[in-house]
>>> print(open('protein.csv').read())   # CSV, C-alpha atoms and all ligand atoms
chain,number,residue,atom,x,y,z
X,1,MET,CA,-17.0,-13.6,-4.6
X,2,THR,CA,-14.5,-14.6,-2.0
X,3,ASN,CA,-11.1,-12.9,-2.4
X,4,GLN,CA,-8.3,-15.5,-2.6
X,5,LEU,CA,-6.5,-13.8,0.3
X,6,ASP,CA,-9.5,-13.8,2.6
X,7,LEU,CA,-9.5,-17.6,2.5
X,8,PHE,CA,-6.0,-17.6,4.0
X,9,ASP,CA,-6.8,-14.8,6.5
X,10,ARG,CA,-9.4,-17.0,8.2
X,11,ASN,CA,-6.8,-19.6,9.2
X,12,SER,CA,-3.7,-17.6,9.7
X,13,ALA,CA,-4.7,-14.5,11.5
X,14,SER,CA,-2.1,-15.2,14.3
X,15,LEU,CA,0.8,-15.8,11.9
X,16,ASN,CA,2.9,-13.0,10.4
X,17,ARG,CA,2.1,-13.1,6.7
X,18,GLU,CA,3.8,-11.1,3.9
X,19,ILE,CA,2.1,-10.7,0.5
X,20,ILE,CA,4.9,-11.1,-2.1
X,21,LEU,CA,2.5,-10.5,-4.9
X,22,ASN,CA,-1.2,-10.2,-5.5
X,23,ASP,CA,-1.5,-9.7,-9.2
X,24,ASP,CA,-2.5,-12.5,-11.7
X,25,GLY,CA,-2.3,-14.9,-8.8
X,26,ALA,CA,-1.0,-14.6,-5.2
X,27,VAL,CA,2.3,-15.5,-3.4
X,28,ILE,CA,2.3,-15.3,0.4
X,29,LEU,CA,5.3,-15.8,2.7
X,30,TYR,CA,5.4,-17.0,6.3
X,31,ARG,CA,9.0,-16.3,7.2
X,32,HIS,CA,9.1,-18.1,10.5
X,33,PHE,CA,6.5,-20.8,10.0
X,34,PHE,CA,8.7,-23.4,11.8
X,35,ASN,CA,10.8,-22.2,14.7
X,36,LEU,CA,14.6,-22.6,14.7
X,37,ALA,CA,14.8,-25.8,16.9
X,38,GLU,CA,12.0,-27.5,14.8
X,39,SER,CA,13.7,-26.5,11.6
X,40,ASP,CA,17.1,-27.8,12.7
X,41,ASP,CA,15.6,-31.1,13.6
X,42,ILE,CA,13.6,-31.4,10.5
X,43,LEU,CA,16.6,-30.6,8.3
X,44,ASN,CA,18.7,-33.3,9.9
X,45,ILE,CA,16.0,-35.9,9.5
X,46,LEU,CA,15.3,-35.0,5.9
X,47,ILE,CA,19.0,-35.3,5.0
X,48,ALA,CA,19.5,-38.6,6.8
X,49,GLU,CA,16.3,-40.5,6.3
X,50,LEU,CA,15.0,-39.7,2.8
X,51,GLU,CA,15.9,-41.5,-0.4
X,52,TRP,CA,17.7,-38.9,-2.4
X,53,LYS,CA,18.2,-39.5,-6.1
X,54,GLN,CA,20.2,-38.0,-8.9
X,55,GLU,CA,17.8,-37.7,-11.9
X,56,TYR,CA,18.9,-37.1,-15.5
X,57,ILE,CA,17.3,-35.3,-18.4
X,58,LYS,CA,17.8,-36.0,-22.1
X,59,MET,CA,19.2,-33.0,-24.0
X,60,TYR,CA,20.4,-33.2,-27.6
X,61,GLY,CA,20.6,-37.0,-27.3
X,62,LYS,CA,22.8,-36.7,-24.1
X,63,SER,CA,21.9,-37.6,-20.6
X,64,ILE,CA,22.5,-34.6,-18.3
X,65,PRO,CA,22.4,-34.8,-14.5
X,66,ILE,CA,19.9,-32.2,-13.1
X,67,PRO,CA,21.6,-29.7,-10.7
X,68,ARG,CA,20.1,-31.0,-7.4
X,69,LEU,CA,19.0,-34.2,-5.8
X,70,THR,CA,15.3,-35.0,-5.7
X,71,ALA,CA,12.7,-37.3,-4.1
X,72,TRP,CA,8.9,-37.6,-4.6
X,73,TYR,CA,6.8,-38.9,-1.7
X,74,GLY,CA,3.0,-39.2,-1.7
X,75,ASP,CA,-0.1,-41.3,-1.8
X,76,ALA,CA,0.3,-44.5,-3.8
X,77,ASP,CA,-0.7,-44.5,-7.5
X,78,LYS,CA,0.1,-40.8,-7.9
X,79,PRO,CA,3.1,-40.8,-10.1
X,80,TYR,CA,4.5,-37.3,-11.0
X,81,ARG,CA,6.0,-36.3,-14.3
X,82,TYR,CA,8.1,-33.3,-15.1
X,83,SER,CA,10.8,-32.7,-17.8
X,84,GLY,CA,10.2,-36.2,-19.1
X,85,ILE,CA,11.1,-37.7,-15.7
X,86,LYS,CA,8.5,-40.0,-14.2
X,87,MET,CA,8.7,-40.4,-10.5
X,88,ASN,CA,6.8,-43.1,-8.6
X,89,PRO,CA,5.9,-41.9,-5.1
X,90,LEU,CA,7.8,-43.4,-2.1
X,91,ALA,CA,5.5,-44.1,0.9
X,92,TRP,CA,5.1,-41.1,3.2
X,93,HIS,CA,7.8,-40.6,5.9
X,94,PRO,CA,6.3,-39.6,9.3
X,95,ILE,CA,8.2,-36.2,9.2
X,96,LEU,CA,6.6,-35.4,5.9
X,97,LEU,CA,3.1,-36.1,7.2
X,98,ASP,CA,3.8,-33.8,10.2
X,99,ILE,CA,5.0,-31.0,7.9
X,100,LYS,CA,2.0,-31.6,5.6
X,101,SER,CA,-0.6,-31.3,8.4
X,102,ARG,CA,1.1,-28.2,9.8
X,103,ILE,CA,0.9,-26.4,6.5
X,104,GLU,CA,-2.6,-27.6,5.7
X,105,THR,CA,-3.8,-25.5,8.6
X,106,VAL,CA,-3.0,-22.3,6.6
X,107,CYS,CA,-3.5,-23.6,3.1
X,108,ASP,CA,-7.2,-24.4,3.2
X,109,ARG,CA,-6.3,-27.4,1.0
X,110,SER,CA,-5.0,-30.9,1.5
X,111,PHE,CA,-2.0,-32.2,-0.4
X,112,ASN,CA,-1.3,-35.8,-1.6
X,113,GLY,CA,2.3,-35.5,-2.7
X,114,VAL,CA,5.5,-33.6,-2.1
X,115,LEU,CA,8.4,-33.0,-4.4
X,116,LEU,CA,11.7,-32.5,-2.5
X,117,ASN,CA,14.8,-30.8,-3.9
X,118,TYR,CA,18.2,-30.9,-2.2
X,119,TYR,CA,20.5,-28.1,-3.3
X,120,ARG,CA,23.9,-29.2,-2.1
X,121,ASP,CA,25.7,-25.9,-2.8
X,122,GLY,CA,25.5,-22.8,-5.0
X,123,ASN,CA,26.1,-24.9,-8.1
X,124,ASP,CA,22.7,-26.5,-7.6
X,125,GLY,CA,19.6,-24.5,-8.7
X,126,MET,CA,16.4,-24.7,-10.7
X,127,SER,CA,15.8,-22.7,-13.9
X,128,TRP,CA,12.7,-20.7,-15.0
X,129,HIS,CA,9.5,-22.8,-15.0
X,130,ALA,CA,5.9,-22.9,-13.7
X,131,ASP,CA,4.3,-25.7,-11.8
X,132,ASP,CA,1.8,-26.1,-14.5
X,133,GLU,CA,1.8,-29.9,-15.2
X,134,ARG,CA,-1.6,-31.1,-16.2
X,135,GLU,CA,-2.1,-33.4,-13.3
X,136,LEU,CA,-1.9,-30.4,-10.9
X,137,GLY,CA,-5.1,-29.0,-12.4
X,138,LYS,CA,-6.1,-25.3,-12.9
X,139,ASN,CA,-4.9,-22.8,-10.3
X,140,PRO,CA,-3.0,-25.2,-8.0
X,141,VAL,CA,-2.1,-24.3,-4.5
X,142,ILE,CA,1.6,-25.1,-4.0
X,143,GLY,CA,2.9,-25.1,-0.4
X,144,SER,CA,6.7,-24.6,-0.5
X,145,VAL,CA,8.7,-25.1,2.7
X,146,SER,CA,12.5,-24.5,3.0
X,147,PHE,CA,15.1,-25.7,5.4
X,148,GLY,CA,18.9,-25.0,5.5
X,149,GLY,CA,20.8,-22.3,3.7
X,150,THR,CA,19.0,-19.2,2.4
X,151,ARG,CA,18.5,-19.1,-1.3
X,152,LYS,CA,17.0,-16.4,-3.6
X,153,PHE,CA,13.7,-17.4,-5.2
X,154,SER,CA,12.6,-15.1,-8.1
X,155,LEU,CA,9.4,-14.6,-9.9
X,156,LYS,CA,9.0,-13.3,-13.4
X,157,HIS,CA,5.7,-12.4,-15.2
X,158,LYS,CA,5.3,-14.5,-18.4
X,159,ASN,CA,3.9,-11.5,-20.4
X,160,VAL,CA,6.8,-9.6,-21.9
X,161,GLU,CA,4.8,-6.4,-21.7
X,162,HIS,CA,4.4,-6.7,-17.9
X,163,PRO,CA,6.8,-4.6,-15.8
X,164,ASN,CA,7.7,-7.7,-13.7
X,165,ASN,CA,8.9,-9.5,-16.9
X,166,LYS,CA,12.1,-7.4,-16.6
X,167,GLN,CA,12.0,-6.4,-13.0
X,168,LEU,CA,12.0,-9.7,-11.1
X,169,VAL,CA,10.3,-10.2,-7.8
X,170,ASP,CA,13.0,-11.7,-5.5
X,171,VAL,CA,12.4,-13.3,-2.1
X,172,ASP,CA,15.0,-14.8,0.2
X,173,LEU,CA,13.7,-18.2,1.3
X,174,THR,CA,15.1,-18.8,4.8
X,175,HIS,CA,15.3,-21.8,7.2
X,176,GLY,CA,11.7,-22.7,8.3
X,177,SER,CA,9.8,-20.5,5.9
X,178,LEU,CA,6.6,-21.4,4.1
X,179,LEU,CA,5.8,-19.8,0.7
X,180,LEU,CA,2.3,-20.3,-0.8
X,181,MET,CA,1.7,-19.9,-4.5
X,182,THR,CA,-2.0,-19.8,-5.3
X,183,GLY,CA,-4.7,-18.6,-7.6
X,184,ALA,CA,-3.6,-18.1,-11.2
X,185,CYS,CA,0.1,-17.8,-10.2
X,186,GLN,CA,1.3,-20.8,-12.3
X,187,SER,CA,-0.5,-19.5,-15.4
X,188,PHE,CA,1.0,-16.0,-15.3
X,189,TRP,CA,4.3,-16.3,-13.5
X,190,LEU,CA,7.6,-18.3,-13.8
X,191,HIS,CA,9.9,-19.0,-10.9
X,192,ARG,CA,13.4,-20.1,-10.3
X,193,ILE,CA,16.2,-20.7,-7.8
X,194,SER,CA,19.3,-19.1,-9.3
X,195,LYS,CA,22.7,-20.6,-8.9
X,196,THR,CA,25.3,-18.5,-7.0
X,197,LYS,CA,29.0,-18.2,-6.7
X,198,LYS,CA,28.6,-17.2,-3.1
X,199,TYR,CA,29.0,-19.7,-0.3
X,200,VAL,CA,25.6,-21.1,0.6
X,201,LYS,CA,24.8,-23.9,3.1
X,202,PRO,CA,22.9,-27.0,1.8
X,203,ARG,CA,19.2,-26.4,1.4
X,204,ILE,CA,16.1,-28.6,1.2
X,205,ASN,CA,12.9,-27.4,-0.3
X,206,LEU,CA,9.6,-29.3,-0.2
X,207,THR,CA,6.8,-28.4,-2.5
X,208,PHE,CA,3.5,-29.9,-1.4
X,209,ARG,CA,1.1,-30.5,-4.2
X,210,PHE,CA,-2.3,-32.0,-5.0
X,211,ILE,CA,-2.3,-34.4,-7.9
X,212,GLU,CA,-5.8,-34.9,-9.4
N,301,LIG,O1,13.5,-24.7,-4.3
N,301,LIG,C1,12.5,-24.0,-4.4
N,301,LIG,O2,12.3,-23.1,-3.6
N,301,LIG,C2,11.6,-24.1,-5.6
N,301,LIG,C3,11.3,-25.5,-6.0
N,301,LIG,C4,10.4,-25.5,-7.2
N,301,LIG,O3,10.1,-24.6,-7.8
N,301,LIG,C5,9.8,-26.8,-7.6
N,301,LIG,O4,10.0,-27.9,-7.0
N,301,LIG,O5,9.0,-26.8,-8.6
N,302,MN,MN,8.4,-24.9,-9.1
>>> encode(input="protein.csv", output="structure tokens")
Amino acid sequence: MTNQLDLFDRNSASLNREIILNDDGAVILYRHFFNLAESDDILNILIAELEWKQEYIKMYGKSIPIPRLTAWYGDADKPYRYSGIKMNPLAWHPILLDIKSRIETVCDRSFNGVLLNYYRDGNDGMSWHADDERELGKNPVIGSVSFGGTRKFSLKHKNVEHPNNKQLVDVDLTHGSLLLMTGACQSFWLHRISKTKKYVKPRINLTFRFIE
């Protein structure tokens, strides 16, 4: 049987790769996937040219703004649903297609949609969840690219008996980094971006996904 990580080795031998976890799924980090000049340019284009929206979720009969701005781009007819929000895809922006083809060189997978999150400051975040929506299929590969301020990404095992249920796996996601979540990661692990009282620069994260 091919080891999950061997697949990635074939394509990414020349890139510095860090294994964040390889237990009930794998998480791999390429800290400098995009260089500084590229990352600065991409961040400016994403802020200026994408259609950012404030979405709301219903809680106890009230409509609550989610703590970040979002956008969903992708192939037509691939709507995406999470937390009761249905997002129809906007047509691909050229910069998103460029990023997609760059990351596909190491992902061994093609993507047909991308969810973007814009964390304006430390009051924006995303609580514990797994990317386990049915339309992503079993064992999805998620390609997560970050630009802008560094934010702490944490993983927690879902099994309360597992040591990493209490001891979180923390990773700083820096400007230009690519994080791959693969294998059974979404079945066994939760992840989040915690809010912080510290000053943090605005950050945009893109999670490339394949909707079946
Ligand atoms: O902002 C991040 O790094 C994580 C985003 C995320 O988990 C998601 O979009 O599902
Ligand atoms: Mn997620």
>>> residues_around(input="protein.csv", residues="Lys166 of chain X", least_positions_apart="5", cutoff="12 Å", atoms="all atoms listed in the file", output="ChimeraX atom specification")
/X:154-161
>>> residues_near_ligand(input="protein.csv", ligand="ligand LIG 301 (chain N)", cutoff="8 Å", atoms="only C-alpha atoms and all ligand atoms", output="list in words")
Leu115, Leu116, Asn117, Tyr119, Gly125, Met126, His129, Ala130, Asp131, Ser144, Val145, Ser146, Arg151, Phe153, Leu173, His191, Arg192, Ile193, Ile204, Asn205, Leu206 and Thr207 of chain X
>>> write_last_selection(input="protein.csv", atoms="C-alpha atoms", output="mmCIF file, in the coordinates of the input")
data_model
loop_
_atom_site.group_PDB
_atom_site.id
_atom_site.type_symbol
_atom_site.label_atom_id
_atom_site.label_comp_id
_atom_site.auth_asym_id
_atom_site.auth_seq_id
_atom_site.Cartn_x
_atom_site.Cartn_y
_atom_site.Cartn_z
ATOM 1 C CA LEU X 115 8.400 -33.000 -4.400
ATOM 2 C CA LEU X 116 11.700 -32.500 -2.500
ATOM 3 C CA ASN X 117 14.800 -30.800 -3.900
ATOM 4 C CA TYR X 119 20.500 -28.100 -3.300
ATOM 5 C CA GLY X 125 19.600 -24.500 -8.700
ATOM 6 C CA MET X 126 16.400 -24.700 -10.700
ATOM 7 C CA HIS X 129 9.500 -22.800 -15.000
ATOM 8 C CA ALA X 130 5.900 -22.900 -13.700
ATOM 9 C CA ASP X 131 4.300 -25.700 -11.800
ATOM 10 C CA SER X 144 6.700 -24.600 -0.500
ATOM 11 C CA VAL X 145 8.700 -25.100 2.700
ATOM 12 C CA SER X 146 12.500 -24.500 3.000
ATOM 13 C CA ARG X 151 18.500 -19.100 -1.300
ATOM 14 C CA PHE X 153 13.700 -17.400 -5.200
ATOM 15 C CA LEU X 173 13.700 -18.200 1.300
ATOM 16 C CA HIS X 191 9.900 -19.000 -10.900
ATOM 17 C CA ARG X 192 13.400 -20.100 -10.300
ATOM 18 C CA ILE X 193 16.200 -20.700 -7.800
ATOM 19 C CA ILE X 204 16.100 -28.600 1.200
ATOM 20 C CA ASN X 205 12.900 -27.400 -0.300
ATOM 21 C CA LEU X 206 9.600 -29.300 -0.200
ATOM 22 C CA THR X 207 6.800 -28.400 -2.500
#
>>> atom_distance(input="protein.csv", atom1="atom CA of His162 of chain X", atom2="atom CA of Cys107 of chain X")
28.1 Å
>>> closest_residue(input="protein.csv", among="X:Leu178, X:Pro163, X:Trp128, X:Tyr60", to="Leu29 of chain X", atoms="all atoms listed in the file")
X:Leu178
>>> residues_around(input="protein.csv", residues="Gly113 of chain X", least_positions_apart="4", cutoff="10 Å", atoms="all atoms listed in the file", output="PDB file with C-alpha atoms, in the frame of the given file")
ATOM      1  CA  TRP X  72       8.900 -37.600  -4.600  1.00  0.00           C
ATOM      2  CA  TYR X  73       6.800 -38.900  -1.700  1.00  0.00           C
ATOM      3  CA  GLY X  74       3.000 -39.200  -1.700  1.00  0.00           C
ATOM      4  CA  ASP X  75      -0.100 -41.300  -1.800  1.00  0.00           C
ATOM      5  CA  ALA X  76       0.300 -44.500  -3.800  1.00  0.00           C
ATOM      6  CA  LYS X  78       0.100 -40.800  -7.900  1.00  0.00           C
ATOM      7  CA  PRO X  79       3.100 -40.800 -10.100  1.00  0.00           C
ATOM      8  CA  TYR X  80       4.500 -37.300 -11.000  1.00  0.00           C
ATOM      9  CA  PRO X  89       5.900 -41.900  -5.100  1.00  0.00           C
ATOM     10  CA  LEU X  90       7.800 -43.400  -2.100  1.00  0.00           C
ATOM     11  CA  ALA X  91       5.500 -44.100   0.900  1.00  0.00           C
ATOM     12  CA  TRP X  92       5.100 -41.100   3.200  1.00  0.00           C
ATOM     13  CA  LEU X  96       6.600 -35.400   5.900  1.00  0.00           C
ATOM     14  CA  LEU X  97       3.100 -36.100   7.200  1.00  0.00           C
ATOM     15  CA  LYS X 100       2.000 -31.600   5.600  1.00  0.00           C
ATOM     16  CA  LEU X 206       9.600 -29.300  -0.200  1.00  0.00           C
ATOM     17  CA  THR X 207       6.800 -28.400  -2.500  1.00  0.00           C
ATOM     18  CA  PHE X 208       3.500 -29.900  -1.400  1.00  0.00           C
ATOM     19  CA  ARG X 209       1.100 -30.500  -4.200  1.00  0.00           C
ATOM     20  CA  PHE X 210      -2.300 -32.000  -5.000  1.00  0.00           C
ATOM     21  CA  ILE X 211      -2.300 -34.400  -7.900  1.00  0.00           C
TER      22      ILE X 211
END
>>> closest_residue(input="protein.csv", among="X:Gln186, X:Asn44, X:Ser110, X:Thr196", to="ligand MN 302 (chain N)", atoms="all atoms listed in the file")
X:Gln186
>>> atom_distance(input="protein.csv", atom1="atom CA of Tyr56 of chain X", atom2="atom CA of Tyr82 of chain X")
11.5 Å
>>> closest_residue(input="protein.csv", among="X:Ser39, X:Asn88, X:Asn22, X:Ser101", to="Thr174 of chain X", atoms="all atoms listed in the file")
X:Ser39
>>> atom_distance(input="protein.csv", atom1="atom CA of Trp52 of chain X", atom2="atom CA of Val27 of chain X")
28.0 Å
>>> closest_residue(input="protein.csv", among="X:Asn16, X:Gln54, X:Asn35, X:Asn112", to="Gly143 of chain X", atoms="only C-alpha atoms")
X:Asn112
>>> residues_around(input="protein.csv", residues="Arg81 of chain X", least_positions_apart="6", cutoff="10 Å", atoms="all atoms listed in the file", output="list in words")
Met87, Asn88, Glu133, Arg134 and Glu135 of chain X
>>> closest_residue(input="protein.csv", among="X:Thr105, X:Asn164, X:Thr182, X:Thr70", to="Leu136 of chain X", atoms="all atoms listed in the file")
X:Thr182
>>> residues_around(input="protein.csv", residues="Gly122 of chain X", least_positions_apart="6", cutoff="9 Å", atoms="only C-alpha atoms", output="short mmCIF file (atom, residue, chain, number, x, y, z; two decimals) with C-alpha atoms, in the frame of the given file")
data_model
loop_
_atom_site.label_atom_id
_atom_site.label_comp_id
_atom_site.auth_asym_id
_atom_site.auth_seq_id
_atom_site.Cartn_x
_atom_site.Cartn_y
_atom_site.Cartn_z
CA ARG X 151 18.50 -19.10 -1.30
CA SER X 194 19.30 -19.10 -9.30
CA LYS X 195 22.70 -20.60 -8.90
CA THR X 196 25.30 -18.50 -7.00
CA LYS X 197 29.00 -18.20 -6.70
CA LYS X 198 28.60 -17.20 -3.10
CA TYR X 199 29.00 -19.70 -0.30
CA VAL X 200 25.60 -21.10 0.60
CA LYS X 201 24.80 -23.90 3.10
CA PRO X 202 22.90 -27.00 1.80
#
